[in-house]
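Dumped start_6.txt below, it's compact mmCIF, C-alpha atoms and all ligand atoms:
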```
# COMPACT_ATOMS: atom_id res chain seq x y z
CA MET B 1 80.31 98.78 129.84
CA TYR B 2 80.76 99.84 126.25
CA MET B 3 84.40 100.90 126.38
CA LYS B 4 86.76 98.12 127.47
CA LYS B 5 90.34 98.66 128.52
CA ILE B 6 93.00 96.81 126.55
CA THR B 7 96.12 98.38 128.00
CA ASP B 8 97.28 101.84 129.13
CA ASN B 9 95.14 104.42 127.30
CA VAL B 10 94.01 101.84 124.74
CA PHE B 11 90.35 100.83 124.68
CA TRP B 12 88.14 98.53 122.64
CA VAL B 13 85.17 100.48 121.28
CA GLY B 14 83.84 97.96 118.78
CA LYS B 15 80.68 95.97 118.15
CA ASN B 16 79.83 92.38 119.00
CA ASP B 17 77.68 90.99 116.16
CA ASP B 18 76.14 87.71 117.32
CA ARG B 19 73.87 87.27 114.29
CA LYS B 20 74.61 84.65 111.63
CA VAL B 21 76.42 87.14 109.44
CA PRO B 22 76.35 86.83 105.63
CA PHE B 23 79.85 87.61 104.40
CA HIS B 24 81.73 86.87 101.14
CA ARG B 25 79.14 84.24 100.12
CA LEU B 26 79.54 82.55 103.51
CA ILE B 27 77.42 82.62 106.61
CA LEU B 28 79.47 83.30 109.72
CA GLU B 29 77.69 80.79 111.93
CA ARG B 30 79.38 81.99 115.12
CA GLY B 31 78.93 85.69 114.25
CA THR B 32 81.85 88.07 114.51
CA THR B 33 83.08 91.23 116.16
CA TYR B 34 84.15 94.51 114.57
CA ASN B 35 87.00 95.66 116.78
CA SER B 36 87.59 99.38 116.81
CA TYR B 37 90.18 100.86 119.14
CA LEU B 38 90.38 104.23 120.87
CA LEU B 39 93.76 105.47 122.07
CA THR B 40 93.22 108.23 124.62
CA THR B 41 96.61 109.88 124.20
CA GLY B 42 97.47 113.58 123.91
CA LYS B 43 96.15 113.37 120.35
CA PRO B 44 93.23 110.95 120.67
CA THR B 45 93.24 108.36 117.91
CA VAL B 46 90.75 105.81 116.61
CA ILE B 47 92.06 102.71 114.84
CA ASP B 48 89.48 101.26 112.41
CA THR B 49 85.71 101.53 112.90
CA VAL B 50 82.86 98.98 112.69
CA ASP B 51 80.57 97.54 110.05
CA ILE B 52 78.51 100.03 108.10
CA ALA B 53 75.31 98.49 109.55
CA PHE B 54 76.27 99.68 113.04
CA ALA B 55 77.64 103.11 112.15
CA LYS B 56 75.05 105.14 114.03
CA GLU B 57 75.18 103.00 117.16
CA TYR B 58 79.01 103.16 117.06
CA VAL B 59 79.17 106.93 116.86
CA ASP B 60 76.45 107.34 119.50
CA ASN B 61 78.42 105.09 121.86
CA LEU B 62 81.73 106.74 121.12
CA LYS B 63 80.44 110.22 121.85
CA GLU B 64 79.49 109.06 125.34
CA VAL B 65 83.14 108.27 126.11
CA ILE B 66 85.01 111.03 124.27
CA ASP B 67 84.30 114.47 122.89
CA LEU B 68 84.42 113.61 119.19
CA ASN B 69 85.82 117.05 118.36
CA THR B 70 89.00 116.14 120.24
CA ILE B 71 89.78 113.13 118.04
CA GLU B 72 92.94 114.00 116.14
CA TYR B 73 93.43 110.93 113.97
CA ILE B 74 91.32 108.13 112.51
CA VAL B 75 93.58 105.35 111.30
CA ILE B 76 92.07 103.19 108.57
CA ASN B 77 93.99 99.96 107.98
CA HIS B 78 91.64 98.51 105.36
CA VAL B 79 88.75 100.01 103.38
CA GLU B 80 86.24 97.16 103.45
CA PRO B 81 82.97 98.36 104.96
CA ASP B 82 83.13 95.94 107.90
CA HIS B 83 86.06 98.07 109.14
CA ALA B 84 85.74 101.45 107.49
CA GLY B 85 81.94 101.41 107.22
CA ALA B 86 81.40 103.80 110.11
CA LEU B 87 84.08 106.22 108.89
CA PRO B 88 81.69 108.65 107.15
CA ALA B 89 79.45 108.79 110.23
CA LEU B 90 82.44 109.25 112.54
CA ALA B 91 84.22 111.74 110.29
CA ALA B 92 81.04 113.84 110.07
CA ARG B 93 81.07 114.25 113.86
CA ALA B 94 84.84 114.16 114.52
CA LYS B 95 85.34 117.23 112.39
CA ASN B 96 88.98 117.86 113.30
CA ALA B 97 90.20 114.32 112.74
CA LYS B 98 92.65 113.59 109.97
CA ILE B 99 92.34 110.23 108.27
CA VAL B 100 95.59 108.25 108.34
CA THR B 101 95.92 105.58 105.69
CA THR B 102 97.76 104.37 102.56
CA LYS B 103 97.63 106.26 99.28
CA LEU B 104 95.48 103.70 97.49
CA SER B 105 93.17 103.44 100.49
CA SER B 106 92.70 107.24 100.53
CA GLU B 107 91.61 107.16 96.90
CA LEU B 108 89.17 104.31 97.54
CA LEU B 109 87.74 105.94 100.67
CA LYS B 110 87.24 109.26 98.90
CA ASP B 111 85.32 107.60 96.09
CA MET B 112 83.37 105.14 98.22
CA PHE B 113 82.35 107.54 101.01
CA LYS B 114 82.53 110.92 99.21
CA LEU B 115 85.34 112.14 101.45
CA HIS B 116 87.05 114.26 98.80
CA ASN B 117 87.12 117.36 101.01
CA ARG B 118 88.56 115.59 104.02
CA GLU B 119 92.17 115.90 105.19
CA PHE B 120 94.16 112.67 104.76
CA ILE B 121 97.63 111.80 106.02
CA ILE B 122 99.18 109.31 103.61
CA VAL B 123 101.57 106.86 105.22
CA HIS B 124 104.13 104.53 103.69
CA ASP B 125 105.92 101.45 104.90
CA GLY B 126 107.70 102.16 108.18
CA ASP B 127 106.32 105.71 108.67
CA ARG B 128 105.73 106.83 112.25
CA LEU B 129 103.13 109.11 113.80
CA ASP B 130 103.39 110.77 117.21
CA ILE B 131 99.93 110.69 118.79
CA GLY B 132 100.95 112.49 121.97
CA GLY B 133 102.39 109.97 124.36
CA LYS B 134 102.59 107.01 122.00
CA ILE B 135 104.22 106.45 118.64
CA LEU B 136 102.40 104.51 115.97
CA GLN B 137 104.21 102.86 113.09
CA PHE B 138 102.61 101.70 109.85
CA PHE B 139 103.44 98.83 107.51
CA GLU B 140 101.91 98.26 104.12
CA THR B 141 100.54 94.72 103.86
CA PRO B 142 99.02 94.57 100.36
CA TYR B 143 96.36 91.94 99.63
CA LEU B 144 95.90 91.10 103.32
CA HIS B 145 93.16 91.27 102.71
CA THR B 146 92.88 93.66 99.75
CA GLU B 147 95.42 95.68 97.83
CA GLU B 148 95.35 98.91 99.87
CA THR B 149 95.73 97.31 103.31
CA MET B 150 98.20 98.30 106.03
CA ILE B 151 98.79 97.39 109.67
CA THR B 152 99.42 99.69 112.62
CA TYR B 153 101.89 99.01 115.40
CA SER B 154 101.97 100.83 118.73
CA ILE B 155 105.65 100.91 119.61
CA ASP B 156 105.05 101.88 123.24
CA ASP B 157 102.44 99.17 123.85
CA LYS B 158 104.24 96.51 121.77
CA THR B 159 100.81 95.95 120.28
CA LEU B 160 99.96 95.16 116.69
CA PHE B 161 96.68 96.33 115.14
CA PRO B 162 96.70 94.16 112.01
CA CYS B 163 93.04 94.55 110.98
CA ASP B 164 91.93 91.38 109.13
CA ILE B 165 95.23 89.60 109.70
CA PHE B 166 95.18 87.29 112.76
CA SER B 167 91.39 87.67 112.98
CA THR B 168 88.76 85.08 113.90
CA HIS B 169 85.05 85.27 113.14
CA ILE B 170 83.55 84.61 116.57
CA ALA B 171 81.11 86.90 118.35
CA ASN B 172 82.21 87.17 121.97
CA ASN B 173 82.12 89.38 125.03
CA GLU B 174 85.25 87.97 126.61
CA LEU B 175 87.46 90.03 124.29
CA PHE B 176 90.79 88.35 125.14
CA ASN B 177 91.91 84.93 123.97
CA ASP B 178 92.91 83.81 127.46
CA LEU B 179 89.29 84.38 128.56
CA ALA B 180 87.72 82.62 125.56
CA ALA B 181 84.75 80.54 126.66
CA GLY B 182 85.02 78.00 123.86
CA GLU B 183 87.38 76.60 121.28
CA TYR B 184 88.66 79.20 118.80
CA ILE B 185 91.92 77.93 117.31
CA GLU B 186 90.14 75.97 114.56
CA ASP B 187 88.17 79.08 113.60
CA PHE B 188 91.39 81.08 113.60
CA LYS B 189 92.85 78.59 111.11
CA VAL B 190 89.71 78.49 108.96
CA TYR B 191 89.80 82.28 108.79
CA TYR B 192 93.43 82.13 107.64
CA LYS B 193 92.59 79.55 105.00
CA LEU B 194 89.68 81.49 103.55
CA ILE B 195 90.86 85.07 103.77
CA MET B 196 94.66 85.01 103.89
CA GLY B 197 95.50 81.70 102.19
CA PRO B 198 94.83 82.92 98.64
CA HIS B 199 97.50 85.60 99.19
CA ARG B 200 100.22 83.35 100.56
CA PRO B 201 103.28 85.24 99.18
CA TYR B 202 101.95 88.43 100.78
CA VAL B 203 101.56 86.64 104.10
CA ARG B 204 105.25 85.72 103.87
CA GLU B 205 106.12 89.35 103.12
CA MET B 206 104.03 90.55 106.08
CA LEU B 207 105.70 88.05 108.41
CA ARG B 208 109.13 89.29 107.34
CA LYS B 209 108.04 92.82 108.28
CA ILE B 210 106.55 92.02 111.68
CA ASN B 211 109.31 89.63 112.68
CA LYS B 212 111.44 92.70 113.37
CA LEU B 213 108.90 94.03 115.89
CA GLU B 214 108.56 93.28 119.58
CA ILE B 215 104.99 92.04 119.90
CA ASP B 216 103.27 91.37 123.22
CA MET B 217 99.70 91.62 122.00
CA ILE B 218 97.82 91.35 118.69
CA ALA B 219 94.60 93.33 118.48
CA PRO B 220 92.92 92.37 115.21
CA SER B 221 89.61 93.59 113.78
CA HIS B 222 87.57 90.42 114.24
CA GLY B 223 87.37 88.07 117.18
CA TYR B 224 89.71 87.73 120.11
CA ILE B 225 92.52 90.04 121.07
CA LEU B 226 95.53 87.75 121.30
CA ARG B 227 97.33 88.73 124.48
CA GLU B 228 98.20 85.21 125.63
CA ASN B 229 100.92 83.53 123.60
CA ALA B 230 100.69 86.09 120.79
CA HIS B 231 103.73 84.51 119.15
CA ASP B 232 101.99 81.16 118.79
CA PHE B 233 99.57 82.82 116.36
CA ILE B 234 102.38 84.34 114.35
CA ARG B 235 103.97 80.89 114.24
CA MET B 236 100.69 79.39 112.99
CA TYR B 237 100.61 81.90 110.14
CA ASP B 238 104.21 81.03 109.38
CA GLU B 239 103.42 77.32 109.26
CA MET B 240 100.22 77.69 107.27
CA SER B 241 101.85 79.95 104.70
CA SER B 242 104.88 77.69 104.25
CA LEU B 243 104.35 75.46 101.27
CA VAL B 244 103.39 71.92 102.06
CA ASP B 245 104.15 70.82 98.52
CA ASP B 246 107.71 70.80 97.33
CA ALA B 247 107.69 73.52 94.66
CA SER B 248 110.27 71.67 92.62
CA SER B 249 107.84 68.80 92.10
CA LYS B 250 105.40 71.08 90.26
CA LYS B 251 105.76 71.23 86.51
CA VAL B 252 104.86 74.09 84.21
CA THR B 253 105.35 74.19 80.46
CA ILE B 254 105.55 77.37 78.41
CA VAL B 255 104.97 76.96 74.66
CA PHE B 256 104.84 79.79 72.16
CA SER B 257 105.26 80.95 68.62
CA THR B 258 106.60 84.27 67.41
CA MET B 259 107.19 86.20 64.21
CA THR B 260 109.73 88.79 65.34
CA GLY B 261 110.77 87.76 68.86
CA ASN B 262 108.45 89.84 71.05
CA THR B 263 106.53 86.83 72.34
CA THR B 264 109.88 85.16 73.09
CA LYS B 265 110.64 88.04 75.47
CA ILE B 266 107.26 87.62 77.18
CA ALA B 267 107.86 83.88 77.57
CA GLY B 268 111.24 84.68 79.13
CA LYS B 269 109.69 87.03 81.68
CA LEU B 270 106.95 84.52 82.51
CA ALA B 271 109.67 81.95 83.11
CA GLU B 272 111.50 84.37 85.43
CA GLY B 273 108.31 84.95 87.43
CA LEU B 274 107.71 81.22 87.69
CA LYS B 275 111.27 80.66 88.91
CA GLU B 276 110.70 83.33 91.54
CA SER B 277 107.72 81.33 92.82
CA GLY B 278 109.94 78.23 93.00
CA ILE B 279 108.97 76.49 89.74
CA GLU B 280 111.50 75.81 86.99
CA PRO B 281 109.43 75.81 83.78
CA TYR B 282 110.10 74.00 80.51
CA VAL B 283 110.08 76.51 77.64
CA PHE B 284 109.44 75.54 74.00
CA ASN B 285 109.56 77.80 70.96
CA LEU B 286 107.34 75.81 68.58
CA LYS B 287 109.41 76.79 65.58
CA ASN B 288 112.29 74.60 66.68
CA SER B 289 110.52 72.00 68.82
CA ASN B 290 109.15 68.58 68.16
CA LEU B 291 105.36 68.60 68.64
CA ASP B 292 105.24 65.13 70.21
CA GLU B 293 107.89 66.11 72.71
CA VAL B 294 105.90 69.24 73.60
CA LEU B 295 102.71 67.20 74.03
CA ASP B 296 104.50 64.66 76.24
CA ARG B 297 105.75 67.44 78.43
CA ILE B 298 102.33 69.07 78.71
CA GLN B 299 100.86 65.68 79.59
CA ILE B 300 102.97 65.51 82.75
CA SER B 301 102.64 69.21 83.61
CA ASP B 302 100.48 70.79 86.28
CA GLY B 303 100.23 74.03 84.34
CA VAL B 304 100.68 75.19 80.77
CA LEU B 305 101.13 78.66 79.32
CA ILE B 306 100.48 78.98 75.61
CA GLY B 307 101.48 82.05 73.66
CA SER B 308 101.37 83.53 70.22
CA SER B 309 101.62 86.91 68.62
CA THR B 310 98.67 88.04 66.55
CA LYS B 311 99.00 87.72 62.80
CA TYR B 312 96.10 88.95 60.64
CA GLY B 313 93.53 88.55 63.40
CA ASP B 314 94.68 85.06 64.34
CA MET B 315 97.35 83.13 66.20
CA VAL B 316 100.46 81.87 64.44
CA ARG B 317 99.56 78.70 62.56
CA ASN B 318 101.68 76.13 64.46
CA VAL B 319 100.09 77.20 67.77
CA GLU B 320 96.70 76.20 66.42
CA GLU B 321 98.13 72.80 65.43
CA LEU B 322 99.29 72.33 69.01
CA LEU B 323 95.90 73.41 70.39
CA GLN B 324 94.09 71.00 68.05
CA ALA B 325 96.27 68.18 69.37
CA LEU B 326 95.56 69.23 72.97
CA LYS B 327 91.85 68.63 72.43
CA ASN B 328 92.58 64.92 72.73
CA MET B 329 94.48 65.24 75.99
CA GLU B 330 93.05 64.63 79.46
CA ALA B 331 93.29 68.27 80.52
CA LYS B 332 91.12 68.11 83.60
CA GLY B 333 92.95 69.49 86.63
CA LYS B 334 95.62 71.26 84.61
CA LEU B 335 95.87 75.01 84.92
CA SER B 336 96.47 77.02 81.81
CA ALA B 337 96.60 80.57 80.48
CA ALA B 338 97.13 82.41 77.21
CA PHE B 339 99.68 85.08 76.42
CA GLY B 340 101.21 86.90 73.51
CA SER B 341 102.33 90.09 71.89
CA PHE B 342 100.11 92.09 69.57
CA GLY B 343 99.96 95.39 67.75
CA TRP B 344 96.43 96.74 67.76
CA SER B 345 93.78 94.07 68.29
CA GLY B 346 95.38 90.88 69.64
CA GLU B 347 92.78 88.32 68.56
CA GLY B 348 95.36 85.50 68.66
CA ILE B 349 95.47 85.52 72.47
CA THR B 350 91.68 85.29 72.77
CA HIS B 351 91.56 82.43 70.28
CA ILE B 352 94.11 80.53 72.40
CA GLU B 353 92.04 81.06 75.54
CA ASN B 354 88.91 79.79 73.76
CA TYR B 355 90.74 76.62 72.74
CA LEU B 356 91.97 76.05 76.30
CA ASN B 357 88.43 76.42 77.64
CA ASP B 358 87.01 74.08 75.03
CA SER B 359 89.66 71.46 75.80
CA GLY B 360 88.74 71.33 79.50
CA PHE B 361 91.74 73.11 81.01
CA THR B 362 91.14 75.29 84.06
CA VAL B 363 91.84 78.67 82.56
CA ILE B 364 93.51 81.32 84.70
CA ASN B 365 92.07 84.68 83.71
CA GLN B 366 90.62 87.74 85.36
CA LYS B 367 87.37 85.95 86.22
CA TYR B 368 89.28 83.07 87.84
CA LEU B 369 91.49 85.43 89.85
CA ILE B 370 88.58 87.54 91.07
CA LEU B 371 86.67 84.48 92.25
CA ASN B 372 89.64 82.60 93.71
CA ARG B 373 91.82 85.38 95.06
CA GLY B 374 89.38 88.24 95.45
CA ILE B 375 91.51 90.54 93.36
CA ASP B 376 90.65 92.35 90.19
CA THR B 377 93.90 91.73 88.38
CA PRO B 378 94.11 91.49 84.61
CA ALA B 379 97.23 89.25 84.79
CA PHE B 380 95.80 86.74 82.27
CA PRO B 381 95.18 86.43 79.43
CA LEU B 382 98.50 88.23 79.20
CA ARG B 383 98.23 90.67 76.31
CA ILE B 384 101.38 92.71 75.70
CA LYS B 385 101.43 95.45 73.08
CA PHE B 386 104.67 94.86 71.18
CA ALA B 387 107.21 94.37 74.06
CA ASP B 388 108.28 97.51 75.91
CA GLU B 389 110.13 97.18 79.21
CA GLU B 390 107.24 98.31 81.42
CA SER B 391 104.77 95.84 80.01
CA LEU B 392 107.37 93.10 80.17
CA HIS B 393 107.45 93.62 83.92
CA THR B 394 103.75 92.74 84.03
CA ALA B 395 104.72 89.44 82.38
CA TYR B 396 107.14 88.76 85.23
CA GLU B 397 104.40 89.48 87.79
CA ALA B 398 101.97 87.31 85.83
CA GLY B 399 104.51 84.47 85.95
CA LYS B 400 104.61 84.73 89.73
CA ILE B 401 100.82 84.73 89.94
CA PHE B 402 100.57 81.67 87.68
CA GLY B 403 103.23 79.89 89.76
CA GLU B 404 101.31 80.63 92.94
CA GLN B 405 98.11 79.20 91.46
CA VAL B 406 99.93 76.00 90.48
CA LEU B 407 101.54 75.67 93.90
CA THR B 408 98.29 76.09 95.76
CA HIS B 409 95.93 74.32 93.35
C1 LIG Z 1 102.18 90.04 59.19
C2 LIG Z 1 101.73 90.69 60.47
C3 LIG Z 1 100.39 90.70 60.78
C4 LIG Z 1 99.94 91.29 61.96
N1 LIG Z 1 98.63 91.28 62.26
C5 LIG Z 1 98.19 91.82 63.46
C6 LIG Z 1 96.82 91.80 63.80
O1 LIG Z 1 95.96 91.35 63.06
N2 LIG Z 1 96.45 92.32 65.01
C7 LIG Z 1 97.36 92.83 65.86
O2 LIG Z 1 97.00 93.24 66.94
N3 LIG Z 1 98.70 92.86 65.56
C8 LIG Z 1 99.13 92.37 64.38
N4 LIG Z 1 100.46 92.40 64.06
C9 LIG Z 1 101.39 93.00 64.99
C10 LIG Z 1 102.15 91.93 65.80
O3 LIG Z 1 101.23 91.12 66.50
C11 LIG Z 1 103.11 92.62 66.75
O4 LIG Z 1 104.13 93.25 65.98
C12 LIG Z 1 103.72 91.70 67.75
O5 LIG Z 1 104.52 92.45 68.65
C13 LIG Z 1 104.59 90.66 67.11
O6 LIG Z 1 105.04 89.78 68.10
P1 LIG Z 1 106.12 88.65 67.79
O7 LIG Z 1 107.43 89.37 67.60
O8 LIG Z 1 106.13 87.77 68.96
O9 LIG Z 1 105.66 87.96 66.57
C14 LIG Z 1 100.88 91.86 62.84
C15 LIG Z 1 102.24 91.86 62.50
C16 LIG Z 1 102.66 91.28 61.33
C17 LIG Z 1 104.12 91.30 60.99
```
Have the structure of the file written as structure tokens, please.
Ligand SMILES: Cc1cc2nc3c(=O)[nH]c(=O)nc-3n(C[C@H](O)[C@H](O)[C@H](O)COP(=O)(O)O)c2cc1C
Amino acid sequence: MYMKKITDNVFWVGKNDDRKVPFHRLILERGTTYNSYLLTTGKPTVIDTVDIAFAKEYVDNLKEVIDLNTIEYIVINHVEPDHAGALPALAARAKNAKIVTTKLSSELLKDMFKLHNREFIIVHDGDRLDIGGKILQFFETPYLHTEETMITYSIDDKTLFPCDIFSTHIANNELFNDLAAGEYIEDFKVYYKLIMGPHRPYVREMLRKINKLEIDMIAPSHGYILRENAHDFIRMYDEMSSLVDDASSKKVTIVFSTMTGNTTKIAGKLAEGLKESGIEPYVFNLKNSNLDEVLDRIQISDGVLIGSSTKYGDMVRNVEELLQALKNMEAKGKLSAAFGSFGWSGEGITHIENYLNDSGFTVINQKYLILNRGIDTPAFPLRIKFADEESLHTAYEAGKIFGEQVLTH
């Protein structure tokens, strides 16, 4: 009863959780499943585990269907404890198993579950692993749903094990989408919107990777296994991640002041990042711009980036004049962020951010990005020490992130 066949030598060994599950400040009203898979090949392999709350039950069940000492590999696609939570319990019993995962994931798992003495196999995009009768291939899919995430593809079964991607939070015993007792497409879309939507560019990247694969079945970590019309679900992700808004209709203004040109370079990189996300920004160096013209432009913008280098613990004077003037503007709904070059303390950038907050702009900073995208990125306020090449690249990335926020706001 416990182990359910998916396809040749591939079994579901997960947990159906029909409680109202608290998760990411939501209550999953229809419950969920934690789908773990056992591949009974020459080198038996487990793909993902179950929620940490069910670790003991999971291992007790699994040992009834396989000698845990024979498990060769435990593939971990994503470290969150609703997937990897039973790893320590399983690894303690499956003593010969090597843990197959990405480099970042291995570091997180070691720290989170004290697995420092365990053998890991680190895989990179496109790497393959022979599990004795089947070949698995791995693809890094960062930020879907967190930075370390990857997906596993069984070449022989034409089956994708994408972990959170293509999941649905619905407790069920039917297992397959063609057997679903009730409606599930809406929940599938809601899941996308909440978990994948904030990482839209990464969804596009993932789709480019899997489009090259032959896929008959998608076996995610939550909800139904999609064996009927698997491609319809890929198409839905494609549609939902395509921008509804025309990027060219979104307006972003970059305004800055500089003493020796370093902040000019940062503004240039931000502009490049914005262009990459599809937005052509207006860029003003305050030294040779008309303030009224700058204000008019900000008035019609969806987002504004304001920068200054730090001069004697402050921003450059004309930036403060601009910020004073912005206090009278209807800023509600506009996104904004601060940036600038500094030498040792960088107070100017913090002063700019304070002004933006006080004026009613929605300020993009680490707190905003953690709460809205679930990632701990320090993209903004963008503080660059002088202007070396490496840190200028972070400005380019920050430009892309800002663009994405504007496009999806
Ligand atoms: C007159 C002067 C005052 C400065 N004061 C500070 C300061 O108080 N704190 C700081 O972090 N950097 C300070 N710096 C360093 C600059 O912020 C740093 O060189 C920065 O890269 C300059 O960027 P910019 O070329 O865009 O003006 C100062 C530099 C100058 C020339």
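Distances to Thr350 (chain B) were evaluated for B:Arg383, B:Asp125, B:Ser336, B:Leu326 using all atoms listed in the file, and the minimum falls at B:Arg383.
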Go through chain B and flag each residue having an atom no more than 9 Å from ligand LIG 1 (chain Z); for those, report the closest pair of atoms plus their distance in Å to one decimal, using all atoms listed in the file, ordered by chain and rising number, as a tab-separated table.
```
residue	atom	partner	partner_atom	distance
B:Phe256	CA	Z:LIG1	O8	8.7
B:Ser257	CA	Z:LIG1	O8	6.9
B:Thr258	CA	Z:LIG1	O8	3.9
B:Met259	CA	Z:LIG1	O9	3.3
B:Thr260	CA	Z:LIG1	O7	3.3
B:Gly261	CA	Z:LIG1	O7	3.9
B:Asn262	CA	Z:LIG1	O7	3.6
B:Thr263	CA	Z:LIG1	O8	3.5
B:Thr264	CA	Z:LIG1	O8	6.2
B:Lys265	CA	Z:LIG1	O8	7.9
B:Ile266	CA	Z:LIG1	O8	8.3
B:Gly307	CA	Z:LIG1	O8	8.7
B:Ser308	CA	Z:LIG1	O8	6.5
B:Ser309	CA	Z:LIG1	O6	4.5
B:Thr310	CA	Z:LIG1	O3	4.0
B:Lys311	CA	Z:LIG1	N1	3.6
B:Tyr312	CA	Z:LIG1	O1	3.4
B:Gly313	CA	Z:LIG1	O1	3.7
B:Asp314	CA	Z:LIG1	O1	6.5
B:Met315	CA	Z:LIG1	O3	8.9
B:Val316	CA	Z:LIG1	O9	8.3
B:Gly340	CA	Z:LIG1	O8	6.8
B:Ser341	CA	Z:LIG1	O5	4.6
B:Phe342	CA	Z:LIG1	O3	3.4
B:Gly343	CA	Z:LIG1	N3	3.6
B:Trp344	CA	Z:LIG1	O2	3.6
B:Ser345	CA	Z:LIG1	O2	3.6
B:Gly346	CA	Z:LIG1	O2	3.9
B:Glu347	CA	Z:LIG1	N2	6.5
B:Gly348	CA	Z:LIG1	N2	7.8
B:Ile384	CA	Z:LIG1	O5	7.7
B:Lys385	CA	Z:LIG1	O5	6.2
B:Phe386	CA	Z:LIG1	O5	3.5
B:Ala387	CA	Z:LIG1	O5	6.3
```
Written selection (C-alpha atoms) as a PDB file, in the coordinates of the input:
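Wrote it out as out_22.pdb, contents follow:
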```pdb
ATOM      1  CA  PHE B 256     104.840  79.790  72.160  1.00  0.00           C
ATOM      2  CA  SER B 257     105.260  80.950  68.620  1.00  0.00           C
ATOM      3  CA  THR B 258     106.600  84.270  67.410  1.00  0.00           C
ATOM      4  CA  MET B 259     107.190  86.200  64.210  1.00  0.00           C
ATOM      5  CA  THR B 260     109.730  88.790  65.340  1.00  0.00           C
ATOM      6  CA  GLY B 261     110.770  87.760  68.860  1.00  0.00           C
ATOM      7  CA  ASN B 262     108.450  89.840  71.050  1.00  0.00           C
ATOM      8  CA  THR B 263     106.530  86.830  72.340  1.00  0.00           C
ATOM      9  CA  THR B 264     109.880  85.160  73.090  1.00  0.00           C
ATOM     10  CA  LYS B 265     110.640  88.040  75.470  1.00  0.00           C
ATOM     11  CA  ILE B 266     107.260  87.620  77.180  1.00  0.00           C
ATOM     12  CA  GLY B 307     101.480  82.050  73.660  1.00  0.00           C
ATOM     13  CA  SER B 308     101.370  83.530  70.220  1.00  0.00           C
ATOM     14  CA  SER B 309     101.620  86.910  68.620  1.00  0.00           C
ATOM     15  CA  THR B 310      98.670  88.040  66.550  1.00  0.00           C
ATOM     16  CA  LYS B 311      99.000  87.720  62.800  1.00  0.00           C
ATOM     17  CA  TYR B 312      96.100  88.950  60.640  1.00  0.00           C
ATOM     18  CA  GLY B 313      93.530  88.550  63.400  1.00  0.00           C
ATOM     19  CA  ASP B 314      94.680  85.060  64.340  1.00  0.00           C
ATOM     20  CA  MET B 315      97.350  83.130  66.200  1.00  0.00           C
ATOM     21  CA  VAL B 316     100.460  81.870  64.440  1.00  0.00           C
ATOM     22  CA  GLY B 340     101.210  86.900  73.510  1.00  0.00           C
ATOM     23  CA  SER B 341     102.330  90.090  71.890  1.00  0.00           C
ATOM     24  CA  PHE B 342     100.110  92.090  69.570  1.00  0.00           C
ATOM     25  CA  GLY B 343      99.960  95.390  67.750  1.00  0.00           C
ATOM     26  CA  TRP B 344      96.430  96.740  67.760  1.00  0.00           C
ATOM     27  CA  SER B 345      93.780  94.070  68.290  1.00  0.00           C
ATOM     28  CA  GLY B 346      95.380  90.880  69.640  1.00  0.00           C
ATOM     29  CA  GLU B 347      92.780  88.320  68.560  1.00  0.00           C
ATOM     30  CA  GLY B 348      95.360  85.500  68.660  1.00  0.00           C
ATOM     31  CA  ILE B 384     101.380  92.710  75.700  1.00  0.00           C
ATOM     32  CA  LYS B 385     101.430  95.450  73.080  1.00  0.00           C
ATOM     33  CA  PHE B 386     104.670  94.860  71.180  1.00  0.00           C
ATOM     34  CA  ALA B 387     107.210  94.370  74.060  1.00  0.00           C
TER      35      ALA B 387
END
```
Next on the checklist: The residues within 12 Å of (105.2, 91.5, 103.1), using only C-alpha atoms and the coordinates of the file, should be reported as a ChimeraX atom specification; which are they?
Outcome noted: /B:125,139-144,147,149-151,199-211
Selection near Ser359 (chain B), 10 Å with all atoms listed in the file, sequence-local residues under 2 positions removed, as a PDB file with C-alpha atoms, in the frame of the given file:
```
ATOM      1  CA  LEU B 323      95.900  73.410  70.390  1.00  0.00           C
ATOM      2  CA  GLN B 324      94.090  71.000  68.050  1.00  0.00           C
ATOM      3  CA  ALA B 325      96.270  68.180  69.370  1.00  0.00           C
ATOM      4  CA  LEU B 326      95.560  69.230  72.970  1.00  0.00           C
ATOM      5  CA  LYS B 327      91.850  68.630  72.430  1.00  0.00           C
ATOM      6  CA  ASN B 328      92.580  64.920  72.730  1.00  0.00           C
ATOM      7  CA  MET B 329      94.480  65.240  75.990  1.00  0.00           C
ATOM      8  CA  GLU B 330      93.050  64.630  79.460  1.00  0.00           C
ATOM      9  CA  ALA B 331      93.290  68.270  80.520  1.00  0.00           C
ATOM     10  CA  LYS B 332      91.120  68.110  83.600  1.00  0.00           C
ATOM     11  CA  GLU B 353      92.040  81.060  75.540  1.00  0.00           C
ATOM     12  CA  ASN B 354      88.910  79.790  73.760  1.00  0.00           C
ATOM     13  CA  TYR B 355      90.740  76.620  72.740  1.00  0.00           C
ATOM     14  CA  LEU B 356      91.970  76.050  76.300  1.00  0.00           C
ATOM     15  CA  ASN B 357      88.430  76.420  77.640  1.00  0.00           C
ATOM     16  CA  PHE B 361      91.740  73.110  81.010  1.00  0.00           C
ATOM     17  CA  THR B 362      91.140  75.290  84.060  1.00  0.00           C
TER      18      THR B 362
END
```
Checklist outcome for this item: Pairwise distance, CA of Leu62 (chain B) with CA of Val13 (chain B), equals 7.1 Å
Item to check | Proximity to Leu136 (chain B) - best of B:Asp82, B:Glu148, B:Asp157, B:Glu119, all atoms listed in the file | outcome: B:Asp157
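Near Ala219 (chain B), within 7 Å and counting only C-alpha atoms, sit Thr159, Leu160, Phe161, Pro162, Met217, Ser221, Ile225 and Leu226 of chain B; same-chain residues fewer than 2 positions away were not included.
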